[in-house]
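Student: Mind having a look at this structure? Questions to follow.
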Number of protein chains: 2
Amino acid sequence: MTKAREPGTARPADRPATAARLRNLRTRLLSLAAIQSDRLVNQKLVQVDARKRHYAIIATLYEFGPESQEELVSRTGIHRSEMVTVIDELADRGMVERSPNPANRRQNVITLTQQGRRQLLKLDKLLAQAEDEVLAPLTPSEREQLARLLAVLVHHHG
Amino acid sequence: MTKAREPGTARPADRPATAARLRNLRTRLLSLAAIQSDRLVNQKLVQVDARKRHYAIIATLYEFGPESQEELVSRTGIHRSEMVTVIDELADRGMVERSPNPANRRQNVITLTQQGRRQLLKLDKLLAQAEDEVLAPLTPSEREQLARLLAVLVHHHG
DNA sequence: CTGATATCAGCATAACTGACATCG
DNA sequence: CCGATGTCAGTTATGCTGATATCA
C-alpha cells in the first residue's frame with residue numbers, strides 16, 4: 001500500500017500524489033504560496049507579540065505622521081470594524097496613543113509612541129528575514145519578476 | 001482635506017497613498033494577490049453552492065477513485081479535523097457517499113456519485129473562468145512565469 | 001498495548017456585514 | 001435631516017490543536 005520512496009528525500013513527507021487538476025490550478029498555487037508565506041511571517045512576528053496588521057498601522061503612522069482611524073483605514077485597507085480592535089491592541093502594547101481630535105470630535109488621532117518607533121525597526125528586520133526565507137529558492141532576478149507580476153495583479157484588481 | 005482627483009479614474013476608489021514599506025513588502029503582495037484571487041474563485045464557486053475544498057475532494061476522487069478520508073487528507077493537504085466536515089457537506093449535497101470499509105472497519109470509503117461527476121465538470125469550467133479573470137492583466141508567457149515561480153515556492157516549503 | 005482512523009470541541013486569524021451613537 | 005466617524009455584535013472561512021472512541 002505505502003509506496004517505497006527514496007530515502008534522503010524526507011522533506012516532502014511521504015505524501016501520495018496530488019490530483020493533476022489541483023496541481024495545475026494557478027489560483028490554488030497562489031493560495032498555497034500565500035499560506036506558506038503568511039505562516040513564516042507570523043512565526044517571525046509572534047516573537048515580538050505582533051501581527052501583520054500591527055505592522056501596517058505602525059509603518060503608516062511612521063511614514064505619514066498621526067492620523068485618524070478613518071485615514072488609516074483608507075491607507076492600509078484594513079476594515080473599519082477591525083481598526084478599532086487593532087488600535088486597541090497597539091495601545092495596550094504602548095505602541096500608539098489614541099486621543100480625541102479637538103478640531104473634530106468625531107475623530108480620534110492615533111499617534112506613534114517612541115516604543116512604537118523602536119518596534120518598527122524590529123519589525124522591519126523580522127519581515128526582511130521572513131521575505132528572505134519565503135523567497136529563498138528564487139534568484140534575485142526571479143524575485144524581482146515575481147514581485148512585478150504580483151504587483152500587476154494586485155494593482156489590476158483592488 | 002479630500003484631494004481632488006481626475007474624474008473617470010473611479011476604479012481604484014479615492015484611496016490615499018500607502019506606506020512605502022507596505023508597497024514594497026513582497027510577502028504582503030503575495031497575501032494581497034491571493035486574497036483577491038480567492039475572492040474571485042469563491043464568487044464563482046458559490047454559484048453552484050461549492051467551496052474550494054469541495055473541488056479538491058471531488059477532483060481527487062475523480063482521478064484516483066474511492067478513497068478513505070485519511071488518503072484524502074494526504075492527497076489534498078486538508079486537515080484531518082476538517083475532512084469530516086467537508087465530507088459531511090459533500091454528502092449532504094449528494095456529491096459523495098460515505099460508507100464503512102468492510103475490510104477495515106476503522107475506515108470510511110468515500111465514493112463520488114454521478115452527481116459529483118457532473119459537478120466536477122461545472123467546477124472545472126468555473127475555476128477556469130476564475131483563473132482567467134485573476135490572471136487577466138498578464139500575457140500568456142507571464143502567466144507561465146508566475147505559475148513556475150509559485151510552484152517553486154510551494155514545492156520548496158511544503 | 002500500540003497505532004491508525006474518524007470524530008468532536010475549541011481556538012486564532014482574517015475578512016466582512018449590519019446596527020448604532022455621536023458629532024459636524 | 002444627512003453624512004462621517006468610531007464602536008460593537010455577530011458571521012464566515014480557514015488552518016490548526018488536542019481529546020476521545022473505535023478498531024486492527
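In the C-alpha cells, the first chain shown is A, the next is B, and so on; residue numbers restart at 1 for each chain, and ligands run from 1 in the order shown.
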Give me, as a VMD selection string, the residues of chain A touching chain B, with the criterion being at most 6 Å (counting only C-alpha atoms).
Tutor: chain A and resid 15 to 16 18 to 19 27 30 to 31 33 to 34 60 74 to 75 131 154
Student: Please return, as a compact mmCIF listing (two decimals) with N, CA and C atoms (P, O5', C5', C4', C3', O3' and C1' of nucleotides), in the first residue's frame, all residues of chain C lying within 10 Å of chain A when only C-alpha atoms (C1' of nucleotides) are considered.
Tutor:
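Listing of part28.txt after writing:
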# COMPACT_ATOMS: atom_id res chain seq x y z
P DT C 13 -4.54 35.62 17.00
O5' DT C 13 -4.75 35.74 15.42
C5' DT C 13 -4.02 34.87 14.57
C4' DT C 13 -4.58 34.96 13.17
C3' DT C 13 -4.88 36.40 12.72
O3' DT C 13 -4.13 36.66 11.55
C1' DT C 13 -6.71 34.95 12.26
P DA C 14 -4.09 38.10 10.89
O5' DA C 14 -5.28 38.03 9.85
C5' DA C 14 -5.41 36.86 9.06
C4' DA C 14 -6.68 36.94 8.26
C3' DA C 14 -7.09 38.36 7.87
O3' DA C 14 -7.06 38.46 6.45
C1' DA C 14 -8.93 37.13 8.77
P DA C 15 -7.16 39.89 5.77
O5' DA C 15 -8.70 39.93 5.37
C5' DA C 15 -9.21 38.92 4.51
C4' DA C 15 -10.71 39.03 4.47
C3' DA C 15 -11.22 40.46 4.21
O3' DA C 15 -12.06 40.45 3.07
C1' DA C 15 -12.36 39.45 6.02
P DC C 16 -12.71 41.82 2.54
O5' DC C 16 -14.16 41.84 3.17
C5' DC C 16 -14.96 40.66 3.15
C4' DC C 16 -16.09 40.75 4.14
C3' DC C 16 -16.90 42.04 4.13
O3' DC C 16 -18.02 41.87 3.27
C1' DC C 16 -16.70 41.04 6.30
P DT C 17 -19.04 43.10 2.97
O5' DT C 17 -20.23 42.90 4.01
C5' DT C 17 -20.62 41.60 4.40
C4' DT C 17 -21.81 41.72 5.35
C3' DT C 17 -22.62 43.01 5.17
O3' DT C 17 -24.00 42.68 5.13
C1' DT C 17 -21.90 42.80 7.42
P DT C 22 -25.04 58.80 22.24
O5' DT C 22 -23.93 59.60 21.43
C5' DT C 22 -22.60 59.13 21.42
C4' DT C 22 -21.78 59.99 20.48
C3' DT C 22 -22.09 61.49 20.57
O3' DT C 22 -20.88 62.19 20.74
C1' DT C 22 -22.12 60.77 18.32
P DC C 23 -20.93 63.70 21.31
O5' DC C 23 -20.55 64.52 19.99
C5' DC C 23 -19.33 64.20 19.33
C4' DC C 23 -19.41 64.62 17.88
C3' DC C 23 -19.70 66.12 17.67
O3' DC C 23 -18.58 66.68 17.01
C1' DC C 23 -20.96 64.74 16.19
P DG C 24 -18.45 68.22 16.76
O5' DG C 24 -18.77 68.35 15.21
C5' DG C 24 -18.03 67.54 14.29
C4' DG C 24 -18.25 68.03 12.87
C3' DG C 24 -18.47 69.53 12.74
O3' DG C 24 -17.88 69.99 11.55
C1' DG C 24 -20.42 68.35 12.03
Student: Would you kindly report the residues of chain D within 9 Å of chain A, using only C-alpha atoms (C1' of nucleotides), as an MDAnalysis selection string?
Tutor: chainID D and resid 4:8
Student: Enter the distance from CA of Gln129 in chain A to C1' of DG15 in chain D, in Å, rounded to one decimal.
Tutor: 23.1 Å
Student: Suppose you want the space between CA of Val48 in chain B and CA of Ser99 in chain B; what is it in Å?
Tutor: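 These atoms are spaced 24.9 Å apart.
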Student: Provide the CA of Arg117 in chain B to CA of Val96 in chain B distance in Å, to one decimal place.
Tutor: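 CA of Val96 in chain B lies 9.4 Å from CA of Arg117 in chain B.
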Student: Determine which residues of range 59-131 of chain A receive a DSSP assignment of strand (DSSP E), computed from the backbone, and state them as a compact mmCIF listing (two decimals) with N, CA and C atoms, in the first residue's frame.
Tutor:
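Done, and the output landed in states.txt:
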# COMPACT_ATOMS: atom_id res chain seq x y z
N VAL A 96 1.03 52.86 20.29
CA VAL A 96 0.36 54.06 19.80
C VAL A 96 -0.47 54.69 20.93
N GLU A 97 -0.82 55.95 20.74
CA GLU A 97 -1.76 56.60 21.65
C GLU A 97 -2.98 57.04 20.87
N ARG A 98 -4.14 56.85 21.48
CA ARG A 98 -5.39 57.25 20.84
C ARG A 98 -5.95 58.41 21.65
N SER A 99 -6.12 59.56 20.97
CA SER A 99 -6.69 60.71 21.67
C SER A 99 -7.71 61.39 20.78
N PRO A 100 -8.74 61.97 21.37
CA PRO A 100 -9.75 62.64 20.56
C PRO A 100 -9.17 63.85 19.86
N ASN A 108 -10.64 60.28 16.22
CA ASN A 108 -9.51 60.06 17.12
C ASN A 108 -8.24 60.35 16.35
N VAL A 109 -7.24 60.83 17.07
CA VAL A 109 -5.92 60.96 16.46
C VAL A 109 -5.05 59.85 17.02
N ILE A 110 -4.48 59.06 16.11
CA ILE A 110 -3.61 57.97 16.53
C ILE A 110 -2.16 58.41 16.32
N THR A 111 -1.40 58.32 17.39
CA THR A 111 -0.02 58.79 17.36
C THR A 111 0.94 57.66 17.72
N LEU A 112 2.02 57.56 16.97
CA LEU A 112 3.03 56.55 17.24
C LEU A 112 3.86 56.98 18.45
